[in-house]
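J.: The following file, protein_25.txt, comprises compact mmCIF, C-alpha atoms and all ligand atoms:
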```txt
# COMPACT_ATOMS: atom_id res chain seq x y z
CA MET A 1 91.25 62.99 47.64
CA ASN A 2 94.64 64.20 48.58
CA PHE A 3 97.12 64.79 45.82
CA ALA A 4 100.16 65.61 47.80
CA ASP A 5 103.39 64.44 46.24
CA ASP A 6 103.21 61.08 47.94
CA SER A 7 99.97 59.98 46.20
CA SER A 8 100.35 57.32 43.54
CA SER A 9 100.56 58.39 39.94
CA THR A 10 97.64 56.05 39.02
CA GLU A 11 95.38 57.92 41.38
CA LYS A 12 96.47 61.18 39.80
CA HIS A 13 95.67 59.90 36.34
CA ILE A 14 92.26 58.70 37.37
CA PHE A 15 91.53 62.09 38.85
CA ILE A 16 92.72 63.95 35.76
CA ALA A 17 90.74 61.67 33.44
CA ALA A 18 87.61 62.13 35.55
CA ARG A 19 88.06 65.87 35.49
CA GLN A 20 88.56 65.90 31.73
CA ALA A 21 85.47 63.77 31.20
CA MET A 22 83.47 66.14 33.35
CA THR A 23 84.83 69.12 31.51
CA LEU A 24 83.87 67.64 28.16
CA GLN A 25 80.38 66.87 29.36
CA GLN A 26 80.09 70.28 30.88
CA LEU A 27 81.42 71.85 27.68
CA GLN A 28 78.83 69.99 25.65
CA ARG A 29 76.08 71.16 27.99
CA ASP A 30 77.37 74.73 27.79
CA ASN A 31 77.49 74.58 24.01
CA GLU A 32 74.00 73.14 23.83
CA GLN A 33 72.78 75.94 26.04
CA ARG A 34 74.61 78.47 23.86
CA TYR A 35 73.05 77.07 20.66
CA ARG A 36 69.60 77.19 22.24
CA GLU A 37 70.20 80.81 23.17
CA ILE A 38 71.39 81.70 19.66
CA PHE A 39 68.24 80.22 18.14
CA ALA A 40 65.98 81.79 20.74
CA ALA A 41 67.55 85.21 20.14
CA ALA A 42 67.06 84.79 16.38
CA GLY A 43 63.41 83.81 16.95
CA LEU A 44 63.87 80.46 15.20
CA ARG A 45 61.32 77.70 15.72
CA ARG A 46 61.07 74.19 14.32
CA SER A 47 58.10 75.25 12.23
CA HIS A 48 60.38 77.54 10.21
CA LEU A 49 62.49 74.64 8.99
CA ILE A 50 61.97 72.49 5.91
CA PHE A 51 64.05 69.34 5.49
CA PRO A 52 65.02 68.12 1.98
CA VAL A 53 64.23 64.52 1.07
CA PHE A 54 65.66 62.86 -2.04
CA VAL A 55 63.52 60.02 -3.39
CA SER A 56 64.37 57.49 -6.02
CA ASP A 57 63.84 53.93 -7.04
CA ARG A 58 67.55 53.45 -6.47
CA PRO A 59 68.62 54.16 -2.89
CA GLY A 60 72.10 55.26 -1.86
CA MET A 61 74.34 57.67 -0.03
CA ILE A 62 75.07 61.06 -1.55
CA GLU A 63 78.84 61.16 -1.78
CA SER A 64 79.01 64.87 -2.44
CA MET A 65 76.89 65.57 0.65
CA PRO A 66 78.17 63.45 3.54
CA GLY A 67 75.33 62.37 5.80
CA MET A 68 72.58 62.84 3.20
CA THR A 69 70.89 59.86 1.61
CA VAL A 70 68.59 59.02 -1.27
CA THR A 71 65.52 57.25 0.08
CA PRO A 72 63.85 54.49 -1.92
CA ILE A 73 60.06 54.72 -2.17
CA GLU A 74 59.49 51.64 -0.01
CA LYS A 75 61.38 53.26 2.88
CA ILE A 76 59.94 56.74 2.54
CA THR A 77 57.41 56.41 5.37
CA GLN A 78 60.10 55.20 7.73
CA HIS A 79 62.39 58.07 6.74
CA VAL A 80 59.66 60.67 7.20
CA GLN A 81 58.90 59.18 10.61
CA THR A 82 62.46 60.01 11.76
CA ILE A 83 62.01 63.56 10.52
CA VAL A 84 58.67 63.89 12.30
CA ASP A 85 60.21 62.44 15.47
CA SER A 86 62.71 65.29 15.46
CA GLY A 87 59.82 67.74 15.46
CA ILE A 88 60.28 68.93 11.85
CA LEU A 89 56.91 68.74 10.13
CA SER A 90 57.77 70.19 6.72
CA LEU A 91 59.80 68.60 3.99
CA ILE A 92 60.66 69.25 0.37
CA VAL A 93 60.79 66.30 -2.00
CA PHE A 94 63.40 66.10 -4.77
CA GLY A 95 63.00 63.24 -7.23
CA ILE A 96 65.73 61.28 -8.95
CA PRO A 97 63.99 59.33 -11.72
CA LYS A 98 65.08 56.10 -13.39
CA SER A 99 65.24 57.52 -16.87
CA ARG A 100 65.36 60.77 -18.80
CA ASP A 101 63.95 61.88 -22.14
CA ARG A 102 63.98 65.07 -24.17
CA ILE A 103 60.99 66.69 -22.49
CA GLY A 104 61.41 65.15 -19.05
CA SER A 105 58.12 63.25 -19.22
CA SER A 106 58.76 61.25 -16.04
CA ALA A 107 58.45 64.58 -14.19
CA PHE A 108 54.68 64.67 -14.84
CA ASP A 109 54.01 60.94 -14.84
CA ARG A 110 51.26 60.07 -12.32
CA LYS A 111 53.42 57.11 -11.37
CA GLY A 112 56.61 59.17 -11.23
CA VAL A 113 58.94 58.91 -8.29
CA VAL A 114 57.83 62.16 -6.59
CA GLN A 115 54.13 61.46 -7.17
CA ARG A 116 54.45 58.00 -5.57
CA ALA A 117 56.48 59.37 -2.66
CA VAL A 118 53.96 62.13 -1.96
CA ARG A 119 51.06 59.66 -2.05
CA ALA A 120 52.88 57.37 0.39
CA ILE A 121 53.72 60.23 2.77
CA LYS A 122 50.23 61.66 2.67
CA SER A 123 48.54 58.32 3.20
CA SER A 124 50.63 57.74 6.35
CA PHE A 125 50.86 61.22 7.80
CA GLY A 126 47.92 63.14 6.31
CA SER A 127 47.82 66.79 7.18
CA SER A 128 50.27 66.46 10.06
CA VAL A 129 53.14 66.71 7.58
CA ASN A 130 53.51 69.60 5.17
CA VAL A 131 54.83 68.37 1.83
CA VAL A 132 56.55 70.74 -0.58
CA THR A 133 57.65 69.45 -4.00
CA ASP A 134 60.35 70.84 -6.27
CA ILE A 135 58.93 71.57 -9.73
CA CYS A 136 61.58 71.38 -12.43
CA VAL A 137 62.64 69.29 -15.40
CA CYS A 138 66.42 69.23 -15.00
CA GLN A 139 66.55 65.87 -13.23
CA TYR A 140 64.22 64.39 -15.86
CA ASN A 141 65.40 65.62 -19.26
CA LEU A 142 68.47 64.78 -21.31
CA SER A 143 70.13 68.19 -21.19
CA GLY A 144 70.09 68.71 -17.42
CA HIS A 145 68.82 72.24 -18.02
CA CYS A 146 65.82 73.53 -16.10
CA GLY A 147 63.91 74.06 -19.34
CA ILE A 148 63.25 72.06 -22.47
CA VAL A 149 65.98 72.47 -25.04
CA ALA A 150 64.36 72.86 -28.46
CA SER A 151 65.55 70.24 -30.92
CA GLY A 152 67.91 71.66 -33.50
CA ASN A 153 69.37 74.39 -31.31
CA LYS A 154 70.87 74.53 -27.87
CA ARG A 155 68.54 77.10 -26.38
CA VAL A 156 66.08 76.61 -23.60
CA ASP A 157 62.54 77.12 -24.88
CA ASN A 158 60.90 79.13 -22.10
CA ASP A 159 57.29 78.93 -23.29
CA ALA A 160 57.34 75.26 -24.22
CA THR A 161 58.66 74.58 -20.72
CA LEU A 162 55.77 76.42 -19.06
CA GLN A 163 53.22 73.89 -20.22
CA ILE A 164 55.33 71.07 -18.88
CA LEU A 165 55.87 72.77 -15.52
CA ALA A 166 52.10 73.26 -15.24
CA GLN A 167 51.58 69.54 -15.84
CA VAL A 168 54.25 68.63 -13.28
CA ALA A 169 52.65 70.89 -10.67
CA ALA A 170 49.16 69.52 -11.32
CA SER A 171 50.43 65.94 -10.98
CA HIS A 172 52.12 66.76 -7.67
CA ALA A 173 49.03 68.55 -6.36
CA GLU A 174 46.90 65.59 -7.39
CA ALA A 175 49.24 63.28 -5.45
CA GLY A 176 48.64 65.45 -2.38
CA ALA A 177 51.47 68.03 -2.27
CA ASP A 178 50.57 70.95 0.00
CA VAL A 179 53.00 73.33 -1.68
CA VAL A 180 54.49 73.24 -5.16
CA ALA A 181 57.83 74.97 -5.62
CA PRO A 182 58.80 75.88 -9.20
CA SER A 183 62.59 76.04 -9.37
CA SER A 184 63.29 76.32 -13.07
CA MET A 185 63.42 80.14 -13.30
CA MET A 186 61.35 80.20 -16.51
CA ASP A 187 59.55 83.50 -17.05
CA GLY A 188 55.85 83.10 -16.32
CA GLN A 189 56.25 79.85 -14.35
CA VAL A 190 54.07 80.98 -11.45
CA ARG A 191 51.24 82.15 -13.72
CA ALA A 192 51.35 78.93 -15.75
CA ILE A 193 51.20 76.80 -12.61
CA LYS A 194 48.52 78.94 -11.01
CA SER A 195 46.25 78.51 -14.02
CA ALA A 196 46.78 74.74 -13.98
CA LEU A 197 45.83 74.58 -10.29
CA VAL A 198 42.96 77.04 -10.26
CA GLY A 199 39.57 75.39 -9.91
CA PHE A 200 41.15 71.98 -9.24
CA PHE A 201 43.63 72.30 -6.44
CA THR A 202 42.65 75.50 -4.71
CA LYS A 203 44.42 74.70 -1.45
CA THR A 204 47.81 74.01 -3.03
CA MET A 205 50.19 76.85 -2.35
CA ILE A 206 52.98 78.09 -4.61
CA LEU A 207 56.45 78.68 -3.23
CA SER A 208 58.40 80.17 -6.10
CA TYR A 209 62.17 79.96 -6.37
CA SER A 210 61.94 83.56 -7.54
CA ALA A 211 65.53 84.65 -7.12
CA LYS A 212 67.57 81.59 -7.81
CA HIS A 213 71.08 82.79 -8.52
CA ALA A 214 73.43 81.12 -10.99
CA SER A 215 75.96 79.53 -8.65
CA SER A 216 78.51 76.76 -8.32
CA LEU A 217 76.96 76.10 -4.90
CA TYR A 218 74.46 73.70 -6.51
CA THR A 219 77.27 71.39 -7.63
CA PRO A 220 76.92 68.79 -4.82
CA PHE A 221 73.15 68.57 -5.52
CA ARG A 222 73.80 68.11 -9.21
CA SER A 223 76.44 65.46 -8.61
CA ALA A 224 73.76 63.59 -6.66
CA ALA A 225 70.87 64.17 -9.03
CA PHE A 226 72.60 64.19 -12.41
CA ALA A 227 74.75 61.06 -11.97
CA LYS A 228 77.08 60.93 -14.93
CA MET A 229 76.15 64.30 -16.39
CA LYS A 230 78.18 67.46 -16.08
CA PRO A 231 77.43 68.94 -12.65
CA ARG A 232 78.68 72.37 -13.69
CA LEU A 233 76.13 73.27 -16.34
CA ASP A 234 75.92 76.98 -17.12
CA LYS A 235 72.38 78.09 -16.22
CA SER A 236 73.16 81.78 -16.22
CA SER A 237 70.82 82.56 -19.12
CA TYR A 238 67.82 82.00 -16.84
CA GLN A 239 69.15 82.14 -13.27
CA VAL A 240 69.90 85.52 -11.64
CA SER A 241 73.37 87.09 -11.66
CA TYR A 242 74.95 87.98 -8.35
CA ALA A 243 75.88 91.30 -9.95
CA ASN A 244 72.24 92.26 -10.39
CA PRO A 245 70.27 92.72 -7.16
CA ARG A 246 67.72 94.88 -9.05
CA GLN A 247 66.83 91.80 -11.06
CA VAL A 248 66.02 90.08 -7.75
CA LEU A 249 63.45 92.73 -6.92
CA LEU A 250 61.89 92.46 -10.39
CA GLU A 251 61.69 88.67 -10.21
CA ILE A 252 60.10 88.83 -6.78
CA GLU A 253 57.61 91.51 -7.83
CA THR A 254 56.61 89.51 -10.90
CA ASP A 255 56.17 86.28 -8.96
CA ILE A 256 54.03 87.97 -6.30
CA SER A 257 51.88 89.55 -8.98
CA GLU A 258 51.47 86.15 -10.69
CA GLY A 259 50.25 84.67 -7.40
CA ALA A 260 53.22 83.22 -5.52
CA ASP A 261 52.21 82.65 -1.89
CA ILE A 262 55.86 82.50 -0.81
CA VAL A 263 58.90 83.74 -2.71
CA MET A 264 62.37 82.29 -2.35
CA ILE A 265 65.92 83.52 -2.47
CA LYS A 266 68.81 81.11 -2.90
CA PRO A 267 71.57 80.35 -2.06
CA ALA A 268 71.42 81.66 1.49
CA LEU A 269 74.54 82.97 3.11
CA ALA A 270 75.96 85.47 0.63
CA TYR A 271 72.41 86.67 -0.16
CA LEU A 272 71.01 87.59 3.24
CA ASP A 273 71.03 91.34 2.52
CA LEU A 274 68.56 90.56 -0.28
CA VAL A 275 66.30 88.69 2.12
CA ARG A 276 66.08 91.75 4.32
CA MET A 277 65.61 94.02 1.30
CA VAL A 278 62.78 91.89 -0.07
CA LYS A 279 61.09 91.65 3.34
CA ASP A 280 61.16 95.45 3.64
CA ARG A 281 60.17 96.25 0.05
CA PHE A 282 57.30 93.79 -0.23
CA CYS A 283 55.50 94.56 3.03
CA GLY A 284 56.64 91.41 4.77
CA HIS A 285 55.42 89.03 2.04
CA PRO A 286 56.50 85.50 3.13
CA VAL A 287 60.08 84.79 2.09
CA ALA A 288 61.81 81.42 2.07
CA VAL A 289 65.53 80.83 1.78
CA GLN A 290 67.27 77.73 0.54
CA ASN A 291 70.51 76.89 2.32
CA VAL A 292 71.88 74.92 -0.63
CA SER A 293 74.01 71.83 -1.11
CA GLY A 294 77.29 73.74 -1.54
CA GLU A 295 76.69 75.60 1.70
CA TYR A 296 76.17 72.26 3.41
CA ALA A 297 79.25 70.75 1.74
CA MET A 298 81.49 73.70 2.68
CA ILE A 299 80.76 73.30 6.38
CA LYS A 300 81.06 69.50 6.21
CA ALA A 301 84.36 69.64 4.31
CA ALA A 302 85.97 72.24 6.56
CA ALA A 303 84.84 70.36 9.66
CA MET A 304 86.21 67.09 8.32
CA HIS A 305 89.61 68.76 8.12
CA ASN A 306 89.18 70.05 11.66
CA LEU A 307 89.28 73.60 10.40
CA ILE A 308 86.01 74.76 11.93
CA ASP A 309 83.54 73.61 14.55
CA GLU A 310 80.75 71.99 12.54
CA GLU A 311 78.05 72.30 15.17
CA GLU A 312 78.73 75.97 15.82
CA TRP A 313 78.58 76.80 12.10
CA LYS A 314 75.41 74.86 11.45
CA VAL A 315 73.75 76.80 14.22
CA CYS A 316 75.16 80.24 13.41
CA SER A 317 74.40 80.01 9.72
CA ILE A 318 70.79 78.95 10.27
CA ALA A 319 70.33 81.64 12.92
CA SER A 320 71.66 84.30 10.56
CA ILE A 321 69.18 83.27 7.85
CA LYS A 322 66.35 83.67 10.33
CA ARG A 323 67.71 86.97 11.58
CA ALA A 324 67.83 88.31 8.02
CA GLY A 325 64.06 87.82 7.90
CA ALA A 326 63.42 84.39 6.37
CA ASP A 327 60.02 82.93 7.24
CA ARG A 328 60.95 79.45 5.99
CA ILE A 329 64.39 77.87 5.73
CA ILE A 330 65.08 74.84 3.56
CA SER A 331 68.26 73.30 4.92
CA TYR A 332 70.07 69.98 4.92
CA PHE A 333 71.00 70.88 8.51
CA ALA A 334 67.38 71.17 9.64
CA LEU A 335 67.26 67.73 11.20
CA ASP A 336 70.60 68.11 13.02
CA VAL A 337 69.79 71.44 14.59
CA SER A 338 66.24 70.58 15.61
CA LYS A 339 67.59 69.30 18.96
CA TYR A 340 68.38 72.88 19.97
CA LEU A 341 64.83 74.06 19.32
N1 LIG A 401 66.27 72.83 -10.56
C1 LIG A 401 66.27 71.81 -9.61
C2 LIG A 401 66.97 72.23 -8.36
N2 LIG A 401 66.27 72.51 -7.26
C3 LIG A 401 67.16 72.83 -6.27
C4 LIG A 401 68.45 72.78 -6.78
C5 LIG A 401 69.71 73.00 -6.04
C6 LIG A 401 69.59 72.73 -4.57
C7 LIG A 401 70.87 72.60 -3.83
O1 LIG A 401 71.97 72.83 -4.36
O2 LIG A 401 70.78 72.26 -2.65
C8 LIG A 401 68.34 72.41 -8.13
C9 LIG A 401 69.49 72.21 -9.04
C10 LIG A 401 69.81 73.22 -10.07
O3 LIG A 401 69.15 74.24 -10.19
O4 LIG A 401 70.74 72.98 -10.83
```
The structure in this file should be written as structure tokens.
Ligand SMILES: NCc1[nH]cc(CCC(=O)O)c1CC(=O)O

T.:
Amino acid sequence: MNFADDSSSTEKHIFIAARQAMTLQQLQRDNEQRYREIFAAAGLRRSHLIFPVFVSDRPGMIESMPGMTVTPIEKITQHVQTIVDSGILSLIVFGIPKSRDRIGSSAFDRKGVVQRAVRAIKSSFGSSVNVVTDICVCQYNLSGHCGIVASGNKRVDNDATLQILAQVAASHAEAGADVVAPSSMMDGQVRAIKSALVGFFTKTMILSYSAKHASSLYTPFRSAAFAKMKPRLDKSSYQVSYANPRQVLLEIETDISEGADIVMIKPALAYLDLVRMVKDRFCGHPVAVQNVSGEYAMIKAAAMHNLIDEEEWKVCSIASIKRAGADRIISYFALDVSKYL
């Protein structure tokens, strides 16, 4: 085509539009290539990723986490199929029960929401899907704390909670969970769960949320899971302080000695030095990292305001978690980024 001054302006516009379209396509291809290279350089594979699944009897969108949904039990198989189709074969199940009581008894009910979901997933997918379940009572009890609050005072009763956590873990293992993941930060939680599993569910692994820091970054999760309750509960009496990295090492050491197959550090991004430290100190013991709801929401919110490039930050943050040494990464972005792997 000749674009000397005498050519019509329509022709010029068509040419410019075509060039822009090509550039965009090209740009997308270049970016895709760049994201693939970032992941390859970090050594990330799909098998490192674990995708979170919220199950409930009441479905819905999660307002605080745009793009995330709560899946009703009857649609769980369909939902897991989309995850499997993306090549992600591990998921972690979070339950949102219908009702709460003082001790969180729906958490260990054989017909509880997580137990039913795990049975459904396992009966459709068998061993081709690796199912991790979150073991805690905060979604199930009246206080919203991760332990049972003794009647009469406001304190979490660590030892009374251990028995309940053991029951929850056994009920999940019985339903078919491959990995149980205690997230309540009660002292002795791994030992209590191990003794409930031993002799019955010998293949069930324990992924302990060993170093779960007290953080406002769980707020979007809590807004989803705690409905009308205060999403900003102070859990600092049992979760780790950011000011105390030595405590992280002690928690990890204790959990490994109690039998944790995998230990976890969370949140992810401001804690990656600890991941490396733990990998080095504990002879490469498997470490998982949870890229939490607030980390997801920060990227989503900034991108919605056109302040950052969402795709680039999903990719770079996940790559950095891998580079720090994480063997497993639980992330709400897992499904989105799987196309670059
Ligand atoms: N104890 C349950 C649990 N398991 C994981 C998260 C947070 C996960 C996230 O923010 O993505 C929580 C909430 C909490 O501790 O208050």

J.: Using the file's own x, y and z axes, so that the box edges lie along x, y and z, what centre and edge lengths in Å (one decimal) does a box around every listed atom of ligand LIG 401 (chain A) get when 8 Å is added on each side? Give it as lines of an AutoDock Vina configuration file.

T.:
```
center_x = 69.1
center_y = 73.0
center_z = -6.7
size_x = 21.7
size_y = 18.4
size_z = 24.2
```

J.: Write out as a PyMOL selection string each polymer residue whose atoms come within 10 Å of Lys235 (chain A), counting all atoms listed in the file; drop sequence neighbours fewer than 5 positions from it.

T.: chain A and resi 144-147+156+184-185+213-215+240

J.: Enumerate residues in contact with ligand LIG 401 (chain A): an atom-to-atom distance of at most 10 Å, counting all atoms listed in the file. Format the result as a PyMOL selection string.

T.: chain A and resi 52+65+92-95+133-140+144-147+181-185+209+212-226+231-235+239+266-267+290-297+330-332

J.: Which residue is closest to Ala260 (chain A)? Choose from A:Arg46, A:Arg276, A:Arg191, A:His305 and count all atoms listed in the file.

T.: A:Arg191

J.: Between CA of Gly284 (chain A) and CA of Leu269 (chain A), what is the distance in Å, rounded to a tenth?

T.: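 It comes out at 19.9 Å.
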
J.: Pull the neighbourhood of (53.3, 58.5, -7.7) for me: all residues within 12 Å in file coordinates, counting all atoms listed in the file, as a PyMOL selection string.

T.: chain A and resi 55-57+73+95+97+106-123+168+171-177
